[in-house]
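S.K.: What follows is final-v2.cif; its format and atoms are mmCIF, C-alpha atoms.
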```
data_work
loop_
_atom_site.label_atom_id
_atom_site.label_comp_id
_atom_site.auth_asym_id
_atom_site.auth_seq_id
_atom_site.Cartn_x
_atom_site.Cartn_y
_atom_site.Cartn_z
CA MET C 1 53.92 60.79 115.34
CA ILE C 2 56.88 62.42 113.73
CA ASP C 3 59.07 64.66 115.90
CA ALA C 4 61.07 65.92 112.94
CA PHE C 5 63.16 68.57 114.66
CA GLY C 6 64.24 66.09 117.33
CA LEU C 7 66.10 64.23 114.56
CA TYR C 8 68.80 66.86 114.14
CA ARG C 9 72.33 65.71 114.97
CA PRO C 10 75.46 67.78 114.43
CA ARG C 11 77.40 66.23 111.55
CA ARG C 12 79.93 67.32 108.94
CA THR C 13 77.91 66.70 105.79
CA PRO C 14 77.36 69.01 102.79
CA LEU C 15 73.72 69.57 103.77
CA HIS C 16 74.68 70.49 107.35
CA ALA C 17 77.01 73.13 105.90
CA THR C 18 74.31 74.56 103.60
CA PRO C 19 72.41 77.60 104.89
CA ALA C 20 68.83 76.91 106.05
CA TRP C 21 67.30 79.32 103.52
CA LEU C 22 68.98 77.52 100.63
CA LYS C 23 67.75 74.15 101.90
CA VAL C 24 64.18 75.45 102.20
CA LEU C 25 64.44 76.83 98.66
CA GLY C 26 65.78 73.47 97.46
CA LEU C 27 63.00 71.59 99.24
CA THR C 28 60.36 73.83 97.65
CA CYS C 29 61.86 73.50 94.16
CA GLY C 30 62.26 69.74 94.62
CA ALA C 31 58.67 69.32 95.73
CA VAL C 32 57.34 71.41 92.85
CA ALA C 33 59.49 69.44 90.36
CA LEU C 34 58.18 66.15 91.74
CA LEU C 35 54.60 67.30 91.41
CA LEU C 36 55.05 68.68 87.89
CA THR C 37 56.89 65.68 86.40
CA HIS C 38 54.96 62.52 85.61
CA GLY C 39 55.79 58.95 84.79
CA PRO C 40 57.43 56.02 86.58
CA VAL C 41 60.98 57.04 85.65
CA ALA C 42 60.63 60.56 87.08
CA ALA C 43 58.92 59.25 90.24
CA THR C 44 61.55 56.56 90.83
CA THR C 45 64.41 58.96 90.16
CA GLY C 46 62.87 61.50 92.53
CA LEU C 47 62.36 58.96 95.31
CA VAL C 48 65.87 57.47 95.01
CA SER C 49 67.42 60.96 94.95
CA ALA C 50 65.42 62.07 98.00
CA ILE C 51 66.38 58.93 99.96
CA ALA C 52 70.05 59.42 98.95
CA LEU C 53 69.87 63.03 100.13
CA LEU C 54 68.35 61.96 103.45
CA VAL C 55 70.98 59.24 103.93
CA SER C 56 73.72 61.78 103.11
CA THR C 57 72.80 63.72 106.28
CA LEU C 58 73.66 60.62 108.37
CA PRO C 59 70.41 60.74 110.36
CA PRO C 60 69.97 58.70 113.57
CA LEU C 61 68.64 55.36 112.28
CA ARG C 62 65.90 54.33 114.71
CA PRO C 63 64.30 57.75 115.32
CA THR C 64 64.33 58.41 111.56
CA LEU C 65 62.70 55.08 110.75
CA ARG C 66 60.18 55.73 113.53
CA GLY C 67 59.49 59.13 112.04
CA LEU C 68 59.12 57.69 108.53
CA PHE C 69 56.79 54.89 109.57
CA PRO C 70 53.54 56.95 109.65
CA VAL C 71 54.53 58.56 106.33
CA VAL C 72 54.93 55.14 104.73
CA VAL C 73 51.60 53.99 106.19
CA MET C 74 49.89 57.09 104.84
CA ALA C 75 51.51 56.66 101.40
CA VAL C 76 50.38 53.01 101.28
CA LEU C 77 46.83 53.88 102.35
CA MET C 78 46.40 56.76 99.92
CA GLY C 79 48.18 54.95 97.10
CA GLY C 80 46.12 51.86 97.88
CA TYR C 81 42.92 53.86 97.57
CA GLN C 82 43.96 55.09 94.09
CA TRP C 83 44.98 51.54 93.15
CA PHE C 84 41.57 50.31 94.31
CA ARG C 85 39.94 52.89 92.05
CA GLY C 86 41.85 51.46 89.08
CA ASP C 87 44.60 54.04 88.59
CA ARG C 88 47.60 51.77 89.23
CA ALA C 89 50.25 53.98 87.59
CA GLY C 90 48.90 57.06 89.36
CA ALA C 91 48.86 55.22 92.71
CA ALA C 92 52.51 54.20 92.46
CA GLU C 93 53.53 57.67 91.31
CA PHE C 94 51.57 59.36 94.10
CA ALA C 95 53.08 57.09 96.78
CA ALA C 96 56.60 57.64 95.41
CA ASP C 97 56.19 61.43 95.22
CA PHE C 98 54.69 61.58 98.72
CA LEU C 99 57.57 59.55 100.17
CA ALA C 100 60.14 61.57 98.20
CA ILE C 101 58.80 64.90 99.50
CA SER C 102 58.74 63.51 103.05
CA CYS C 103 62.36 62.34 102.69
CA LEU C 104 63.37 65.78 101.39
CA ALA C 105 61.64 67.42 104.37
CA LEU C 106 63.40 65.00 106.73
CA ALA C 107 66.75 65.74 105.05
CA LEU C 108 66.10 69.39 105.85
CA THR C 109 65.20 68.77 109.49
CA THR C 110 67.96 66.23 110.17
CA SER C 111 70.56 68.75 108.96
CA THR C 112 69.07 71.97 110.40
CA PRO C 113 68.95 72.79 114.12
CA LEU C 114 65.63 74.24 115.25
CA ASP C 115 67.52 77.32 116.43
CA GLU C 116 68.54 78.02 112.81
CA ALA C 117 65.05 77.24 111.50
CA MET C 118 63.63 79.67 114.09
CA GLY C 119 66.03 82.32 112.84
CA LEU C 120 64.88 81.71 109.27
CA VAL C 121 61.19 81.92 110.23
CA ALA C 122 61.88 85.12 112.20
CA TRP C 123 63.74 86.54 109.17
CA ALA C 124 60.84 85.62 106.87
CA ALA C 125 58.44 87.37 109.27
CA ARG C 126 60.40 90.64 109.19
CA PRO C 127 58.12 92.30 106.60
CA PHE C 128 55.29 91.92 109.13
CA ARG C 129 57.24 93.34 112.10
CA ARG C 130 54.76 96.19 112.53
CA VAL C 131 52.04 93.61 113.19
CA VAL C 132 53.96 90.94 115.12
CA PRO C 133 57.54 90.75 116.47
CA PRO C 134 59.57 88.41 114.18
CA GLU C 135 61.21 86.73 117.20
CA ALA C 136 57.73 85.86 118.49
CA VAL C 137 56.89 84.20 115.15
CA GLY C 138 60.10 82.16 115.43
CA LEU C 139 59.14 81.13 118.96
CA VAL C 140 55.64 80.12 117.83
CA PHE C 141 57.26 77.96 115.15
CA ALA C 142 59.45 76.26 117.76
CA LEU C 143 56.48 75.75 120.06
CA ALA C 144 54.44 74.20 117.24
CA ALA C 145 57.27 71.72 116.60
CA ARG C 146 57.46 71.03 120.34
CA ALA C 147 53.69 70.60 120.72
CA ILE C 148 53.34 67.72 118.26
CA PRO C 149 55.10 65.01 120.32
CA GLN C 150 53.69 66.43 123.56
CA ILE C 151 50.07 66.29 122.35
CA THR C 152 50.69 62.80 120.97
CA MET C 153 51.92 61.71 124.40
CA ILE C 154 48.90 63.29 126.10
CA LEU C 155 46.55 61.51 123.68
CA GLN C 156 48.27 58.17 124.31
CA ASP C 157 48.10 58.66 128.09
CA SER C 158 44.42 59.61 127.91
CA ALA C 159 43.63 56.61 125.70
CA ASP C 160 45.46 54.32 128.16
CA ALA C 161 43.54 55.85 131.08
CA ALA C 162 40.23 55.38 129.24
CA ARG C 163 41.08 51.73 128.54
CA ALA C 164 42.06 51.22 132.19
CA ARG C 165 38.60 52.47 133.20
CA GLY C 166 36.94 50.12 130.71
CA LEU C 167 36.05 53.03 128.42
CA GLY C 168 38.35 52.07 125.55
CA ARG C 169 35.56 52.43 122.98
CA SER C 170 34.48 55.87 124.12
CA ILE C 171 36.09 58.59 122.02
CA ARG C 172 34.86 61.18 124.52
CA ALA C 173 36.69 59.44 127.38
CA THR C 174 39.94 60.00 125.49
CA VAL C 175 39.35 63.34 123.78
CA VAL C 176 37.90 65.32 126.71
CA PRO C 177 40.73 64.66 129.21
CA ALA C 178 43.32 65.02 126.43
CA THR C 179 41.89 68.43 125.51
CA VAL C 180 41.84 69.56 129.14
CA ARG C 181 45.43 68.36 129.66
CA THR C 182 46.57 70.01 126.44
CA PHE C 183 45.11 73.34 127.57
CA GLY C 184 46.77 72.87 130.96
CA TRP C 185 50.10 72.14 129.30
CA ALA C 186 49.70 75.18 127.04
CA LEU C 187 49.06 77.39 130.09
CA ASP C 188 52.12 75.93 131.85
CA VAL C 189 54.25 76.53 128.74
CA GLY C 190 52.97 80.11 128.63
CA ASP C 191 54.01 80.60 132.25
CA ALA C 192 57.41 79.02 131.58
CA ILE C 193 58.04 81.19 128.52
CA THR C 194 57.13 84.27 130.51
CA ALA C 195 59.28 83.17 133.45
CA ARG C 196 62.25 82.54 131.14
CA GLY C 197 61.88 86.05 129.77
CA LEU C 198 61.34 84.73 126.24
CA ALA C 199 58.21 86.86 125.83
CA GLU C 200 59.24 90.17 127.33
CA SER C 201 56.40 92.01 125.66
CA ALA C 202 53.79 89.64 127.06
CA PRO C 203 51.95 91.16 130.02
CA ALA C 204 51.83 89.26 133.29
CA SER C 205 48.50 88.17 134.61
CA SER C 206 47.32 90.24 137.52
CA ASN C 207 45.92 87.16 139.15
CA ALA C 208 46.45 83.48 139.44
CA MET D 1 66.42 91.18 148.68
CA ILE D 2 62.69 90.51 148.21
CA ASP D 3 60.09 92.74 149.83
CA PHE D 4 56.40 91.95 149.98
CA ARG D 5 54.60 95.15 150.97
CA GLU D 6 51.02 94.34 151.95
CA ALA D 7 50.80 92.28 148.77
CA SER D 8 47.53 90.45 148.26
CA VAL D 9 46.03 88.53 145.34
CA VAL D 10 42.35 88.15 144.52
CA ALA D 11 41.11 85.59 141.99
CA PRO D 12 39.67 87.49 139.01
CA SER D 13 36.40 85.69 138.49
CA SER D 14 35.40 85.05 142.07
CA ASP D 15 36.60 87.71 144.51
CA VAL D 16 38.26 84.89 146.47
CA ARG D 17 41.48 85.99 148.13
CA ILE D 18 44.17 83.51 147.15
CA LEU D 19 46.74 85.46 149.16
CA GLU D 20 45.85 87.74 152.03
CA SER D 21 47.79 90.95 152.63
CA THR D 22 51.40 89.85 153.17
CA THR D 23 54.37 91.85 154.38
CA LEU D 24 57.71 90.04 154.34
CA SER D 25 61.38 90.77 153.72
CA LEU D 26 63.43 87.87 152.40
CA ASP D 27 67.17 88.39 152.45
CA GLN D 28 68.41 84.98 153.57
CA ARG D 29 70.29 82.85 151.02
CA ARG D 30 67.99 79.88 151.56
CA VAL D 31 64.28 80.31 152.24
CA ALA D 32 61.78 77.44 152.17
CA ILE D 33 58.05 77.94 151.80
CA ILE D 34 55.91 75.05 153.00
CA GLY D 35 52.17 74.57 153.23
CA ALA D 36 49.29 72.30 152.30
CA ASN D 37 48.01 71.98 148.73
CA GLY D 38 46.08 75.09 147.71
CA SER D 39 47.35 77.10 150.68
CA GLY D 40 48.76 79.91 148.53
CA LYS D 41 52.48 79.12 148.59
CA SER D 42 52.83 78.92 144.79
CA THR D 43 51.01 82.26 144.50
CA LEU D 44 53.55 83.72 146.92
CA ALA D 45 56.38 82.31 144.78
CA ARG D 46 54.91 83.54 141.48
CA LEU D 47 54.64 87.05 142.86
CA ILE D 48 58.44 87.14 143.17
CA ASN D 49 59.19 87.09 139.44
CA GLY D 50 56.04 88.84 138.28
CA LEU D 51 54.27 85.78 136.90
CA ILE D 52 51.42 87.03 139.09
CA LEU D 53 51.06 90.71 139.97
CA PRO D 54 49.59 91.68 143.33
CA THR D 55 45.99 92.93 143.28
CA GLU D 56 46.89 95.27 146.14
CA GLY D 57 50.25 96.23 147.60
CA SER D 58 53.55 95.60 145.86
CA VAL D 59 56.48 93.22 145.57
CA ILE D 60 59.95 94.74 145.29
CA VAL D 61 62.85 92.58 144.10
CA ASN D 62 66.35 94.02 144.38
CA GLY D 63 64.83 97.50 144.38
CA ARG D 64 62.57 96.89 141.36
CA ASP D 65 58.79 96.80 141.50
CA THR D 66 57.43 93.67 139.79
CA ARG D 67 54.51 95.72 138.46
CA THR D 68 56.49 98.48 136.74
CA ASP D 69 59.80 96.73 136.05
CA THR D 70 58.51 93.28 135.19
CA ALA D 71 60.98 92.43 132.41
CA ALA D 72 64.02 93.46 134.50
CA VAL D 73 62.71 91.48 137.49
CA ARG D 74 62.24 88.38 135.34
CA ARG D 75 65.79 88.65 134.06
CA ASP D 76 66.94 88.70 137.68
CA VAL D 77 64.68 85.96 139.03
CA GLY D 78 64.91 82.47 137.54
CA PHE D 79 61.89 80.21 138.02
CA LEU D 80 62.07 76.43 138.11
CA PHE D 81 58.71 74.65 137.74
CA THR D 82 57.60 71.30 139.16
CA ASP D 83 57.12 69.71 135.75
CA PRO D 84 60.05 70.36 133.42
CA SER D 85 58.15 69.15 130.35
CA ALA D 86 56.35 72.50 130.16
CA GLN D 87 59.58 74.41 130.63
CA LEU D 88 61.58 72.76 127.85
CA ILE D 89 60.79 74.21 124.44
CA MET D 90 63.50 73.09 122.06
CA PRO D 91 63.93 69.49 120.86
CA THR D 92 67.45 68.90 122.18
CA ALA D 93 69.20 69.81 125.42
CA ILE D 94 71.80 72.11 123.90
CA GLU D 95 69.24 73.97 121.79
CA ASP D 96 67.05 74.58 124.83
CA VAL D 97 69.89 76.10 126.85
CA ALA D 98 70.96 78.10 123.77
CA LEU D 99 67.41 79.48 123.57
CA SER D 100 67.85 81.03 127.01
CA LEU D 101 71.04 82.69 125.74
CA ARG D 102 69.55 84.22 122.58
CA ARG D 103 69.14 87.62 124.17
CA THR D 104 72.52 87.80 125.89
CA ILE D 105 74.87 86.10 123.40
CA LYS D 106 74.77 87.03 119.72
CA GLY D 107 76.19 84.55 117.22
CA LYS D 108 75.21 80.92 116.95
CA GLU D 109 78.70 79.49 117.49
CA LYS D 110 79.33 81.46 120.68
CA ARG D 111 75.87 80.62 121.95
CA THR D 112 76.32 76.90 121.30
CA THR D 113 79.70 76.90 123.08
CA ALA D 114 78.24 78.75 126.06
CA ALA D 115 75.25 76.37 126.17
CA LEU D 116 77.61 73.38 126.15
CA ASP D 117 79.55 74.94 129.05
CA ARG D 118 76.32 75.29 131.04
CA LEU D 119 75.43 71.66 130.35
CA GLU D 120 78.94 70.63 131.40
CA GLU D 121 78.55 72.46 134.71
CA ILE D 122 75.35 70.61 135.45
CA GLY D 123 76.60 67.21 134.27
CA LEU D 124 74.52 66.91 131.11
CA ALA D 125 77.17 67.59 128.45
CA SER D 126 77.08 63.98 127.25
CA HIS D 127 73.35 64.41 126.56
CA SER D 128 73.67 67.72 124.74
CA HIS D 129 72.23 66.46 121.44
CA VAL D 130 69.77 63.98 122.92
CA SER D 131 66.07 64.67 122.34
CA VAL D 132 64.43 66.08 125.49
CA HIS D 133 61.83 63.30 125.15
CA ALA D 134 64.55 60.69 125.58
CA LEU D 135 65.78 62.20 128.86
CA SER D 136 64.65 60.84 132.21
CA GLY D 137 62.53 63.01 134.51
CA GLY D 138 65.57 63.87 136.61
CA GLN D 139 67.65 64.77 133.56
CA ARG D 140 64.82 66.98 132.27
CA GLN D 141 64.67 68.81 135.59
CA LEU D 142 68.45 69.29 135.45
CA LEU D 143 68.11 70.63 131.92
CA ALA D 144 65.35 73.02 133.00
CA LEU D 145 67.64 74.19 135.80
CA ALA D 146 70.50 74.68 133.31
CA GLY D 147 68.20 76.78 131.10
CA VAL D 148 67.21 78.95 134.05
CA LEU D 149 70.76 79.38 135.35
CA ALA D 150 72.15 80.13 131.87
CA VAL D 151 70.98 83.74 132.14
CA GLU D 152 72.74 84.09 135.52
CA PRO D 153 69.84 85.21 137.72
CA SER D 154 70.59 86.53 141.21
CA ILE D 155 67.55 84.73 142.68
CA LEU D 156 66.14 81.29 141.93
CA VAL D 157 62.53 80.49 142.77
CA ALA D 158 61.96 76.73 142.68
CA ASP D 159 58.35 75.57 142.84
CA GLU D 160 58.46 71.99 144.16
CA PRO D 161 61.41 71.11 141.90
CA THR D 162 61.82 67.56 143.21
CA THR D 163 58.20 66.48 143.67
CA LEU D 164 58.16 64.38 140.47
CA LEU D 165 61.62 62.85 141.00
CA ASP D 166 62.76 59.56 142.51
CA LEU D 167 64.96 59.60 145.61
CA ARG D 168 68.25 59.46 143.72
CA TRP D 169 67.40 62.38 141.41
CA ARG D 170 65.82 64.26 144.29
CA ALA D 171 69.10 64.10 146.20
CA HIS D 172 71.06 65.12 143.10
CA VAL D 173 68.85 68.12 142.27
CA ASP D 174 68.74 69.12 145.96
CA ALA D 175 72.55 69.04 146.13
CA LEU D 176 72.87 71.17 143.00
CA ILE D 177 70.36 73.73 144.27
CA ASP D 178 72.00 73.79 147.71
CA ALA D 179 75.38 74.53 146.10
CA LEU D 180 74.14 77.53 144.09
CA PRO D 181 75.85 80.79 145.04
CA ILE D 182 72.58 82.77 144.68
CA GLN D 183 69.47 83.33 146.79
CA VAL D 184 67.07 80.38 146.51
CA ILE D 185 63.40 80.47 147.46
CA GLU D 186 62.12 76.89 147.40
CA ILE D 187 58.48 75.88 147.66
CA THR D 188 58.46 72.33 148.89
CA HIS D 189 56.59 69.48 150.54
CA ASP D 190 59.94 67.89 151.38
CA LEU D 191 60.53 68.71 155.04
CA ASP D 192 64.15 67.50 154.83
CA ALA D 193 64.80 70.15 152.18
CA ALA D 194 62.97 72.74 154.30
CA ALA D 195 65.14 71.80 157.29
CA ARG D 196 68.27 72.79 155.33
CA ALA D 197 66.97 76.33 154.75
CA GLU D 198 67.91 79.30 156.92
CA ARG D 199 64.32 80.42 157.20
CA VAL D 200 61.01 78.61 156.70
CA ILE D 201 57.68 80.25 155.94
CA VAL D 202 54.51 78.26 156.56
CA VAL D 203 51.55 79.29 154.39
CA ASP D 204 48.06 78.23 155.38
CA GLN D 205 44.68 79.36 154.04
CA ALA D 206 46.19 82.16 151.93
CA THR D 207 48.17 83.71 154.74
CA VAL D 208 51.61 83.41 156.30
CA ALA D 209 50.85 81.30 159.35
CA PHE D 210 54.41 81.01 160.65
CA ASP D 211 57.79 82.49 159.81
CA GLY D 212 60.94 81.41 161.55
CA ILE D 213 63.82 78.97 161.85
CA PRO D 214 63.32 75.51 160.30
CA ARG D 215 62.98 73.49 163.51
CA THR D 216 60.11 75.50 165.00
CA ALA D 217 58.46 76.18 161.62
CA ILE D 218 58.41 72.48 160.72
CA ALA D 219 57.05 71.59 164.17
CA PHE D 220 54.31 74.19 163.68
CA TYR D 221 53.53 72.77 160.22
CA ARG D 222 53.36 69.19 161.51
CA ASP D 223 50.94 70.29 164.18
CA LEU D 224 48.89 72.19 161.62
CA LEU D 225 48.58 69.11 159.45
CA THR D 226 47.13 67.00 162.25
CA HIS D 227 43.82 68.78 161.62
CA PRO D 228 41.66 67.23 158.89
CA PRO D 229 41.67 68.97 155.49
CA PRO D 230 38.77 71.33 154.73
CA GLY D 231 35.88 69.98 152.69
CA PRO D 232 33.04 67.46 153.01
CA HIS D 233 33.58 64.69 155.55
CA ARG D 234 31.50 62.05 157.24
CA ASP D 235 31.08 61.49 160.95
#
```
Show this structure as structure tokens.

M.R.:
Amino acid sequence: MIDAFGLYRPRRTPLHATPAWLKVLGLTCGAVALLLTHGPVAATTGLVSAIALLVSTLPPLRPTLRGLFPVVVMAVLMGGYQWFRGDRAGAAEFAADFLAISCLALALTTSTPLDEAMGLVAWAARPFRRVVPPEAVGLVFALAARAIPQITMILQDSADAARARGLGRSIRATVVPATVRTFGWALDVGDAITARGLAESAPASSNA
Amino acid sequence: MIDFREASVVAPSSDVRILESTTLSLDQRRVAIIGANGSGKSTLARLINGLILPTEGSVIVNGRDTRTDTAAVRRDVGFLFTDPSAQLIMPTAIEDVALSLRRTIKGKEKRTTAALDRLEEIGLASHSHVSVHALSGGQRQLLALAGVLAVEPSILVADEPTTLLDLRWRAHVDALIDALPIQVIEITHDLDAAARAERVIVVDQATVAFDGIPRTAIAFYRDLLTHPPPGPHRD
């Protein structure tokens, strides 16, 4: 599973020097342009440009390839399905666009520290500050990014434990303990956030 | 200075007392709390920084009531958990320490420099941009400690901080905690660590069963543990 924000490394590249809001705007415009333009030339140009942009951020090689692997698998599967249904040109274009958008997103995350992304999310949430504190929205964003690799690890551990008990074919033997552990982890994270004073407005429990 | 004034905790759904009425004053620099699993020692620790509020009585930390001054108490009391994976939020070491500094240091550059200084102090500067998932268990616990100490608390509560570590990391984390110039309340199963404290509190069945110097407290605890654990058993 992709741990995109773990791919950030401090570098001196043009994208690292670009403000996060401008990169998000660029990503959005790029994605819309890719979806609106059709044909093999546009798709190829888009994919090559996106890969070049990603490479320009000098990302860490192995973690980036590891992060891209499930994206490639998904692009092949979904493109393959369209190919199977007879739309060969559409399949290639879809796979290229999907990979291009993923590369653009990775270029954003490899050049933007989560701290800065949190700040951007908190800034974007300012119009809703009467409903929810913007800093809290930024923290939720960070926690969501943090939860993905953690839940993946919990699922893998639970699947290993199920196999060790000879229950490798039972989905329940994996999902139930993984769910319980995920809830436990979420409660621990809640305690840790409270203990670190990152959620000052959150009330303490009056019990264990 | 930590004052428990007849503080007790009752579980919400079951009326079970998870900590009986406790009155204690903790002013020693090093206090160890030992006890069997489920005895109530973690509840005692969590009362100190307001993670749990007493059902009856009060807990006063440096003159502040944890019930009415919770945020100020939490700023003053750092809490180190057993499992650092729940404590680390950001993807890299430097970002996680910087997160702790968001409230106290404005400006990303200053915050990053300060976070790097904290990592340097704890010996993790060379891992500042490494993903927290790539760190070893010991390094993660060090990072969690750096995040807690970054806000310069006057008290550190450490809830079994070395339980998940191998001997080498345990010694390293112990040495770092021992060298801290602040009050440390450590919940531990490690009797060697308890022996280094100035005062040891033994918690058993939701009450303080013994409170004294390490040698006698540990002897009391060893004797206590010779009895079989509660629960179903066969003859």

S.K.: Running the PyMOL selection byres ((chain D and resi 128-135) around 8) on this model by hand, what would come out? Give it as a ChimeraX atom specification.

M.R.: /C:6-7,9-10 /D:88,90-94,116,119,124-127,136-140

S.K.: Step by step: start from the point (53.1, 59.4, 99.3) in the file's coordinates, keep every protein, DNA or RNA residue that has an atom no farther than 9 Å from it, count all atoms listed in the file, and write the set as a ChimeraX atom specification.

M.R.: /C:71-79,91-102

S.K.: Using Å and a single decimal, report how far atom CA of Arg215 of chain D sits from atom CA of Ile18 of chain D.

M.R.: 26.9 Å

S.K.: With distances taken over all atoms listed in the file, which residue among C:Leu58, C:Leu47, C:Leu68, C:Ala145 lies nearest Arg12 of chain C?

M.R.: C:Leu58

S.K.: If you measure from atom CA of Asp3 of chain D to atom CA of Gln183 of chain D, what distance in Å do you get, rounded to one decimal?

M.R.: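 Going from atom CA of Asp3 of chain D over to atom CA of Gln183 of chain D covers 13.6 Å.
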
S.K.: Do you have the atom CA of Ile52 of chain D-atom CA of Thr66 of chain D distance handy?

M.R.: 9.0 Å

S.K.: Taking only C-alpha atoms into account, what are the residues of chain D at most 7 Å from chain C, put as a list in words?

M.R.: Val9, Val10, Ala11, Pro12, Thr43, Gly50, Leu51, Ile52, Leu53, Pro54, Thr55, Ala71, Arg74, Arg75, Gly78, Phe79, Ala86, Gln87, Ile89, Met90, Pro91, Thr92, Glu95, His129, Ser131 and Val148 of chain D

S.K.: Keeping only C-alpha atoms, take the residues you just selected and write them out as a short mmCIF file (atom, residue, chain, number, x, y, z; two decimals), keeping the file's coordinate frame.

M.R.:
```cif
data_model
loop_
_atom_site.label_atom_id
_atom_site.label_comp_id
_atom_site.auth_asym_id
_atom_site.auth_seq_id
_atom_site.Cartn_x
_atom_site.Cartn_y
_atom_site.Cartn_z
CA VAL D 9 46.03 88.53 145.34
CA VAL D 10 42.35 88.15 144.52
CA ALA D 11 41.11 85.59 141.99
CA PRO D 12 39.67 87.49 139.01
CA THR D 43 51.01 82.26 144.50
CA GLY D 50 56.04 88.84 138.28
CA LEU D 51 54.27 85.78 136.90
CA ILE D 52 51.42 87.03 139.09
CA LEU D 53 51.06 90.71 139.97
CA PRO D 54 49.59 91.68 143.33
CA THR D 55 45.99 92.93 143.28
CA ALA D 71 60.98 92.43 132.41
CA ARG D 74 62.24 88.38 135.34
CA ARG D 75 65.79 88.65 134.06
CA GLY D 78 64.91 82.47 137.54
CA PHE D 79 61.89 80.21 138.02
CA ALA D 86 56.35 72.50 130.16
CA GLN D 87 59.58 74.41 130.63
CA ILE D 89 60.79 74.21 124.44
CA MET D 90 63.50 73.09 122.06
CA PRO D 91 63.93 69.49 120.86
CA THR D 92 67.45 68.90 122.18
CA GLU D 95 69.24 73.97 121.79
CA HIS D 129 72.23 66.46 121.44
CA SER D 131 66.07 64.67 122.34
CA VAL D 148 67.21 78.95 134.05
#
```

S.K.: Set the distance at 6 Å and use only C-alpha atoms: which residues neighbour Gly147 of chain D once local chain neighbours fewer than 2 positions away are removed? I'd like the list as a PDB file with C-alpha atoms, in the frame of the given file.

M.R.:
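Writing the result to out01.pdb gives the following:
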```pdb
ATOM      1  CA  VAL D  97      69.890  76.100 126.850  1.00  0.00           C
ATOM      2  CA  SER D 100      67.850  81.030 127.010  1.00  0.00           C
ATOM      3  CA  ALA D 144      65.350  73.020 133.000  1.00  0.00           C
ATOM      4  CA  LEU D 145      67.640  74.190 135.800  1.00  0.00           C
ATOM      5  CA  LEU D 149      70.760  79.380 135.350  1.00  0.00           C
ATOM      6  CA  ALA D 150      72.150  80.130 131.870  1.00  0.00           C
TER       7      ALA D 150
END
```

S.K.: If the PyMOL selection byres ((chain D and resi 60) around 9) were run on this exact file, what residues would it hold? Put them as a list in words.

M.R.: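 With the shown file as input, the PyMOL selection byres ((chain D and resi 60) around 9) matches Met1, Ile2, Asp3, Phe4, Arg5, Ile48, Ser58, Val59, Val61, Asn62, Gly63, Arg64, Asp65, Thr66, Arg67 and Val73 of chain D.
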
S.K.: What's around Pro19 of chain C at 12 Å? Count all atoms listed in the file, leave out sequence neighbours fewer than 2 positions away in its own chain, and write the answer as a list of chain:residue names.

M.R.: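 Near Pro19 of chain C, the qualifying residues are C:Pro14, C:Leu15, C:His16, C:Ala17, C:Trp21, C:Leu22, C:Lys23, C:Val24, C:Leu25, C:Gly26, C:Leu108, C:Ser111, C:Thr112, C:Pro113, C:Glu116, C:Ala117, C:Gly119, C:Leu120.
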
S.K.: With all atoms listed in the file as the basis for distance, which of D:Arg196, D:Asp117, D:Glu152, D:Gln141 is at the shortest distance from Trp169 of chain D?

M.R.: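 Nearest to Trp169 of chain D: D:Gln141.
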
S.K.: As a check of understanding, name the residues that the PyMOL selection byres ((chain D and resi 35) around 8) selects in the supplied structure, as a list in words.

M.R.: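 Those residues are Ile33, Ile34, Ala36, Asn37, Ser39, Gly40, Lys41, Thr188, His189, Val202, Val203, Asp204 and Tyr221 of chain D.
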
S.K.: Could you please fill out segment 104-112 of chain D with N, CA and C atoms and send it back as a PDB file, in the frame of the given file?

M.R.:
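Full text of part_24.pdb as output:
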```pdb
ATOM      1  N   THR D 104      71.261  87.316 125.313  1.00  0.00           N
ATOM      2  CA  THR D 104      72.520  87.800 125.890  1.00  0.00           C
ATOM      3  C   THR D 104      73.743  87.500 125.026  1.00  0.00           C
ATOM      4  N   ILE D 105      73.689  86.441 124.221  1.00  0.00           N
ATOM      5  CA  ILE D 105      74.870  86.100 123.400  1.00  0.00           C
ATOM      6  C   ILE D 105      74.467  86.081 121.928  1.00  0.00           C
ATOM      7  N   LYS D 106      75.047  86.977 121.154  1.00  0.00           N
ATOM      8  CA  LYS D 106      74.770  87.030 119.720  1.00  0.00           C
ATOM      9  C   LYS D 106      75.771  86.094 119.011  1.00  0.00           C
ATOM     10  N   GLY D 107      75.305  85.451 117.967  1.00  0.00           N
ATOM     11  CA  GLY D 107      76.190  84.550 117.220  1.00  0.00           C
ATOM     12  C   GLY D 107      75.966  83.113 117.651  1.00  0.00           C
ATOM     13  N   LYS D 108      75.591  82.303 116.659  1.00  0.00           N
ATOM     14  CA  LYS D 108      75.210  80.920 116.950  1.00  0.00           C
ATOM     15  C   LYS D 108      76.348  80.108 117.574  1.00  0.00           C
ATOM     16  N   GLU D 109      77.567  80.279 117.016  1.00  0.00           N
ATOM     17  CA  GLU D 109      78.700  79.490 117.490  1.00  0.00           C
ATOM     18  C   GLU D 109      78.988  79.764 118.971  1.00  0.00           C
ATOM     19  N   LYS D 110      79.035  81.068 119.301  1.00  0.00           N
ATOM     20  CA  LYS D 110      79.330  81.460 120.680  1.00  0.00           C
ATOM     21  C   LYS D 110      78.239  80.938 121.620  1.00  0.00           C
ATOM     22  N   ARG D 111      77.002  81.042 121.128  1.00  0.00           N
ATOM     23  CA  ARG D 111      75.870  80.620 121.950  1.00  0.00           C
ATOM     24  C   ARG D 111      75.920  79.110 122.209  1.00  0.00           C
ATOM     25  N   THR D 112      76.250  78.360 121.165  1.00  0.00           N
ATOM     26  CA  THR D 112      76.320  76.900 121.300  1.00  0.00           C
ATOM     27  C   THR D 112      77.427  76.509 122.280  1.00  0.00           C
TER      28      THR D 112
END
```
